[in-house]
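Engineer: Provided herewith is a single structure, encoded as structure tokens, for subsequent inquiry.
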Amino acid sequence: MIPRTSLSAERIASQLRERQRLQRAGALGWGLGTLLLLAPTWTQTEGADPPFPVRPLTASFQLIEGGNGAGANVGVLVGAEGVVLFDAMKDESHERLLRTVREITAGPITHVFNTHGDSDHSGGNERLVALGATIVAQENVRYRSPRAYPIETFTQRLEVELYGETITLIAQRSHSPDDALIHLERNNVILLGDTYTNVWHPTFYSGGHQGQLAVLELALDLADEETVIVPGHGRPAHRADLLDYRKRCIRWHERVRALVEVGTTEEAMLRDAELQTLRAEFNLRHAERPISDTSFERFLSRTLATDFVDLVPLRGPSIEAYLGQYRYEDGIDLRLTLEGGRIVARQWESGFYELLPVARDRFRIRGSLDPERYVTFEIDPKGLVTAATYVTAESRYRAPRVEP
Ligand SMILES: [Zn+2]
């Protein structure tokens, strides 16, 4: 069995009560004494990078703008008893992030809610745990890579009352398997992580065009004209910007589809006027860093590998026949389930991907540009799938089936 933890709103609330109790008892040392003790450390960092720019958005919510490769945007919710961060930037940016938070508030950072598990958003988690924070992220983050610190996870939806705000996290799969749309009801803020950008092309390689549209539709449903929409990178936006972005995503998908349907080569697609117009429009707010030829080529290739892989109709076993549990030699389980008509593979702390059939016994990894990476299946004469093998250019990892 794959271990699993889930998180309930009550559990977060009880952790908060326990923290408040400890705080009152002085056990967490967040009193003035600790702050004074820390003060010399801050003066020692003089000459280091200045704090990140801070953009106040509402009375209790501010945005720390990562930018310049240092990390992603970080939301800061300040309550009377503590501080919630939305994302944690890269590990290397931790000191600078902390200095910036300390310019806003001296309160304890009690929680970090991740928009997803990529390192520019969650790399700083561990050091914030060391400072006493609870990390909250979407369940699928457990299938990415090992994390050495505790994480509370949720599967579909989580609603938490914290510091006078109702924070709702809704699981998505668009940019990554572990995306979460985060809604702060009273502050009227929606954080979209890397499922939305106004300084780059979209990156929907986990959920494809459908996953991209799903998250945008949900955000558009939740938002009114006043809502501040926070992208993982780039500037805060509004509902109208999101509508524009959605239109562009649809135009991109439809144009690529039209070109695929008439047999246009990938090379010729790169020169297509409509795709070139979209290349510029996706990046409208960030003209100082245009999307390079290499990045554009990769965007097109990954769009094709995500949404336009030639699927063969399966002859022989039905798609259900592949589902179930397989086990690699090292004891790691490969679990295949059916989600939205597609096979989703989960490997504990080592992989989350979709499988696209290209032959009866060979499946591609959705979104991957590596043609030498795929999964093969062994099928016995009765049509029973008995083993899976993960193939890369260097190795083959065979996993016999352990459970139908
Ligand atoms: Zn990012």
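Convention: chains lettered A, B, ... in structure tokens order; per-chain residue numbering from 1; ligands numbered from 1 as shown.
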Hey, which bits of chain A sit within 6 Å of ligand 1, and for each residue what's the closest pair of atoms and how far apart in Å (one decimal), counting only C-alpha atoms and all ligand atoms, rows by chain and increasing number, as CSV?
Structural biologist:
```
residue,atom,partner,partner_atom_place_in_ligand_line,distance
A:Ala72,CA,ligand 1,1 (Zn),5.7
A:Asp120,CA,ligand 1,1 (Zn),5.5
A:Asp194,CA,ligand 1,1 (Zn),5.4
A:Gly232,CA,ligand 1,1 (Zn),5.6
```
Engineer: Would you mind listing what lies within 8 Å of stretch 391-399 of chain A as a list in words, with only C-alpha atoms counted and same-chain residues fewer than 2 positions away left out?
Structural biologist: Tyr326, Arg327, Tyr328, Glu329, Leu334, Glu372, Arg373, Tyr374, Val375, Thr376, Ala387, Ala388, Thr389 and Arg401 of chain A
Engineer: Could you please take those selected residues and save N, CA and C atoms as an mmCIF file, in the first residue's frame?
Structural biologist:
```
data_model
loop_
_atom_site.group_PDB
_atom_site.id
_atom_site.type_symbol
_atom_site.label_atom_id
_atom_site.label_comp_id
_atom_site.auth_asym_id
_atom_site.auth_seq_id
_atom_site.Cartn_x
_atom_site.Cartn_y
_atom_site.Cartn_z
ATOM 1 N N TYR A 326 1.769 -2.343 -9.616
ATOM 2 C CA TYR A 326 2.954 -3.067 -10.039
ATOM 3 C C TYR A 326 4.049 -2.723 -9.035
ATOM 4 N N ARG A 327 5.057 -3.594 -8.909
ATOM 5 C CA ARG A 327 6.103 -3.278 -7.927
ATOM 6 C C ARG A 327 7.494 -3.437 -8.532
ATOM 7 N N TYR A 328 8.301 -2.352 -8.452
ATOM 8 C CA TYR A 328 9.689 -2.397 -8.923
ATOM 9 C C TYR A 328 10.527 -3.217 -7.945
ATOM 10 N N GLU A 329 11.718 -3.603 -8.410
ATOM 11 C CA GLU A 329 12.627 -4.404 -7.594
ATOM 12 C C GLU A 329 12.958 -3.746 -6.254
ATOM 13 N N LEU A 334 4.237 1.069 -8.457
ATOM 14 C CA LEU A 334 3.721 1.864 -9.572
ATOM 15 C C LEU A 334 2.225 1.590 -9.587
ATOM 16 N N GLU A 372 13.018 8.225 -25.968
ATOM 17 C CA GLU A 372 13.574 6.967 -25.454
ATOM 18 C C GLU A 372 13.041 6.624 -24.068
ATOM 19 N N ARG A 373 12.073 7.424 -23.603
ATOM 20 C CA ARG A 373 11.495 7.185 -22.293
ATOM 21 C C ARG A 373 10.038 6.773 -22.497
ATOM 22 N N TYR A 374 9.704 5.569 -22.121
ATOM 23 C CA TYR A 374 8.331 5.101 -22.287
ATOM 24 C C TYR A 374 8.091 3.918 -21.354
ATOM 25 N N VAL A 375 6.877 3.400 -21.353
ATOM 26 C CA VAL A 375 6.549 2.244 -20.515
ATOM 27 C C VAL A 375 6.037 1.127 -21.422
ATOM 28 N N THR A 376 6.594 -0.065 -21.240
ATOM 29 C CA THR A 376 6.088 -1.223 -21.992
ATOM 30 C C THR A 376 5.332 -2.142 -21.046
ATOM 31 N N ALA A 387 3.108 -7.379 -16.314
ATOM 32 C CA ALA A 387 4.233 -6.578 -15.829
ATOM 33 C C ALA A 387 4.336 -5.286 -16.637
ATOM 34 N N ALA A 388 4.934 -4.276 -16.010
ATOM 35 C CA ALA A 388 5.221 -3.013 -16.685
ATOM 36 C C ALA A 388 6.719 -2.777 -16.602
ATOM 37 N N THR A 389 7.284 -2.160 -17.624
ATOM 38 C CA THR A 389 8.708 -1.809 -17.567
ATOM 39 C C THR A 389 8.878 -0.349 -17.969
ATOM 40 N N ARG A 401 3.324 -7.211 -11.898
ATOM 41 C CA ARG A 401 2.053 -6.808 -11.313
ATOM 42 C C ARG A 401 1.856 -7.498 -9.959
#
```
Engineer: Please, what distance in Å, to one decimal, runs between atom CA of A:Glu126 and atom CA of A:Arg147?
Structural biologist: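 These two atoms are separated by 8.4 Å.
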Engineer: Contacts of A:Gln347 at 10 Å or less, counting only C-alpha atoms, minus same-chain residues fewer than 5 places along, as a PyMOL selection string?
Structural biologist: chain A and resi 2+142-145+326-328+332-336+352-353
Engineer: Go ahead and save the picked residues with C-alpha atoms, as an mmCIF file, in the first residue's frame.
Structural biologist:
```cif
data_model
loop_
_atom_site.group_PDB
_atom_site.id
_atom_site.type_symbol
_atom_site.label_atom_id
_atom_site.label_comp_id
_atom_site.auth_asym_id
_atom_site.auth_seq_id
_atom_site.Cartn_x
_atom_site.Cartn_y
_atom_site.Cartn_z
ATOM 1 C CA ILE A 2 1.138 3.502 -0.718
ATOM 2 C CA ARG A 142 4.053 13.182 -2.530
ATOM 3 C CA TYR A 143 4.693 11.520 -5.900
ATOM 4 C CA ARG A 144 7.208 14.105 -7.126
ATOM 5 C CA SER A 145 10.426 13.802 -5.125
ATOM 6 C CA TYR A 326 2.954 -3.067 -10.039
ATOM 7 C CA ARG A 327 6.103 -3.278 -7.927
ATOM 8 C CA TYR A 328 9.689 -2.397 -8.923
ATOM 9 C CA ILE A 332 8.541 1.151 -4.998
ATOM 10 C CA ASP A 333 4.989 0.671 -6.220
ATOM 11 C CA LEU A 334 3.721 1.864 -9.572
ATOM 12 C CA ARG A 335 -0.009 2.447 -9.329
ATOM 13 C CA LEU A 336 -2.082 2.971 -12.480
ATOM 14 C CA PHE A 352 3.516 11.224 -11.392
ATOM 15 C CA TYR A 353 2.738 11.081 -15.082
#
```
Engineer: In Å, with one decimal, what is the gap from atom CA of A:Ala171 to atom CA of A:Leu311?
Structural biologist: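 Atom-to-atom, atom CA of A:Ala171 to atom CA of A:Leu311, that is 27.3 Å.
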Engineer: Mind pulling up the distance from atom CA of A:Ala223 to atom CA of A:Val199?
Structural biologist: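 Value for the atom CA of A:Val199-atom CA of A:Ala223 distance: 20.9 Å.
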Engineer: From the set A:Gly164, A:Gly117, A:Gly67, A:Gly367, which residue has the shortest atom-to-atom contact distance to A:Val136, counting only C-alpha atoms?
Structural biologist: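 Between A:Gly164, A:Gly117, A:Gly67, A:Gly367, the residue approaching A:Val136 most closely is A:Gly117.
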Engineer: Select, from A:Leu158, A:Leu97, A:Leu369, A:Ile291, the residue with the minimum atom-to-atom distance to A:His183, counting only C-alpha atoms.
Structural biologist: A:Leu158
Engineer: I need the residue nearest A:Gly79 from this list: A:Glu354, A:Asp224, A:Asp244, A:Glu165. Use only C-alpha atoms for the distance.
Structural biologist: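 Distance minimum relative to A:Gly79 lands on A:Glu165.
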Engineer: Any chance you could list, as a PyMOL selection string, the residues in stretch 23-266 of chain A that come up strand (DSSP E) when DSSP is run on the backbone?
Structural biologist: chain A and resi 54-56+61-64+74-78+83-86+109-113+134-138+152-154+157-162+165-172+179-184+189-193+228-231
Engineer: I need the residue nearest A:Gln212 from this list: A:Ser295, A:Thr197, A:Thr227, A:Gln325. Use only C-alpha atoms for the distance.
Structural biologist: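 Of the candidates, the smallest distance to A:Gln212 is held by A:Thr197.
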Engineer: For each of A:Arg127, A:His238, A:Arg248, A:His121, take the minimum atom-to-atom distance to A:His94, counting only C-alpha atoms, then give the residue where this is smallest.
Structural biologist: A:Arg127
Engineer: A:Phe363, A:Tyr322, A:Phe282, A:Tyr245: which is nearest A:Thr386, counting only C-alpha atoms?
Structural biologist: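 When distances to A:Thr386 are compared using only C-alpha atoms, the smallest one comes from A:Tyr322.
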Engineer: Do a neighbour search on A:Phe52 at 9 Å with only C-alpha atoms, toss out local chain neighbours closer than 4 positions, and write the hits as a ChimeraX atom specification.
Structural biologist: /A:64-67,96-97,99-100
Engineer: For A:Ile190, find every residue with an atom within 8 Å (counting only C-alpha atoms), except residues of its own chain fewer than 3 positions away, and show them as a list in words.
Structural biologist: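 Residues meeting the cut-off are Leu181, Ile182, His183, Leu184, Ala219, Ala223, Thr227, Val228, Ile229 and Val230 of chain A.
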Engineer: Atoms to include: C-alpha atoms. Write the selected residues as an mmCIF file, in the first residue's frame.
Structural biologist:
```cif
data_model
loop_
_atom_site.group_PDB
_atom_site.id
_atom_site.type_symbol
_atom_site.label_atom_id
_atom_site.label_comp_id
_atom_site.auth_asym_id
_atom_site.auth_seq_id
_atom_site.Cartn_x
_atom_site.Cartn_y
_atom_site.Cartn_z
ATOM 1 C CA LEU A 181 -5.922 27.204 -6.711
ATOM 2 C CA ILE A 182 -5.939 29.227 -3.494
ATOM 3 C CA HIS A 183 -8.843 31.542 -2.738
ATOM 4 C CA LEU A 184 -8.831 34.113 0.067
ATOM 5 C CA ALA A 219 -10.899 31.168 -11.191
ATOM 6 C CA ALA A 223 -13.624 36.092 -9.235
ATOM 7 C CA THR A 227 -10.584 40.235 -7.315
ATOM 8 C CA VAL A 228 -6.812 40.377 -7.375
ATOM 9 C CA ILE A 229 -5.423 37.433 -9.352
ATOM 10 C CA VAL A 230 -1.878 36.535 -8.369
#
```
Engineer: What's the 8 Å shell around A:Leu323, counting only C-alpha atoms, without same-chain residues fewer than 2 positions away, as a PyMOL selection string?
Structural biologist: chain A and resi 319-321+325+335-338+343+404
Engineer: From stretch 163-392 of chain A, collect each residue whose DSSP state is alpha helix (DSSP H) and return the set as an NGL selection string.
Structural biologist: :A and (208-222 or 239-261 or 266-270 or 273-282 or 293-307)
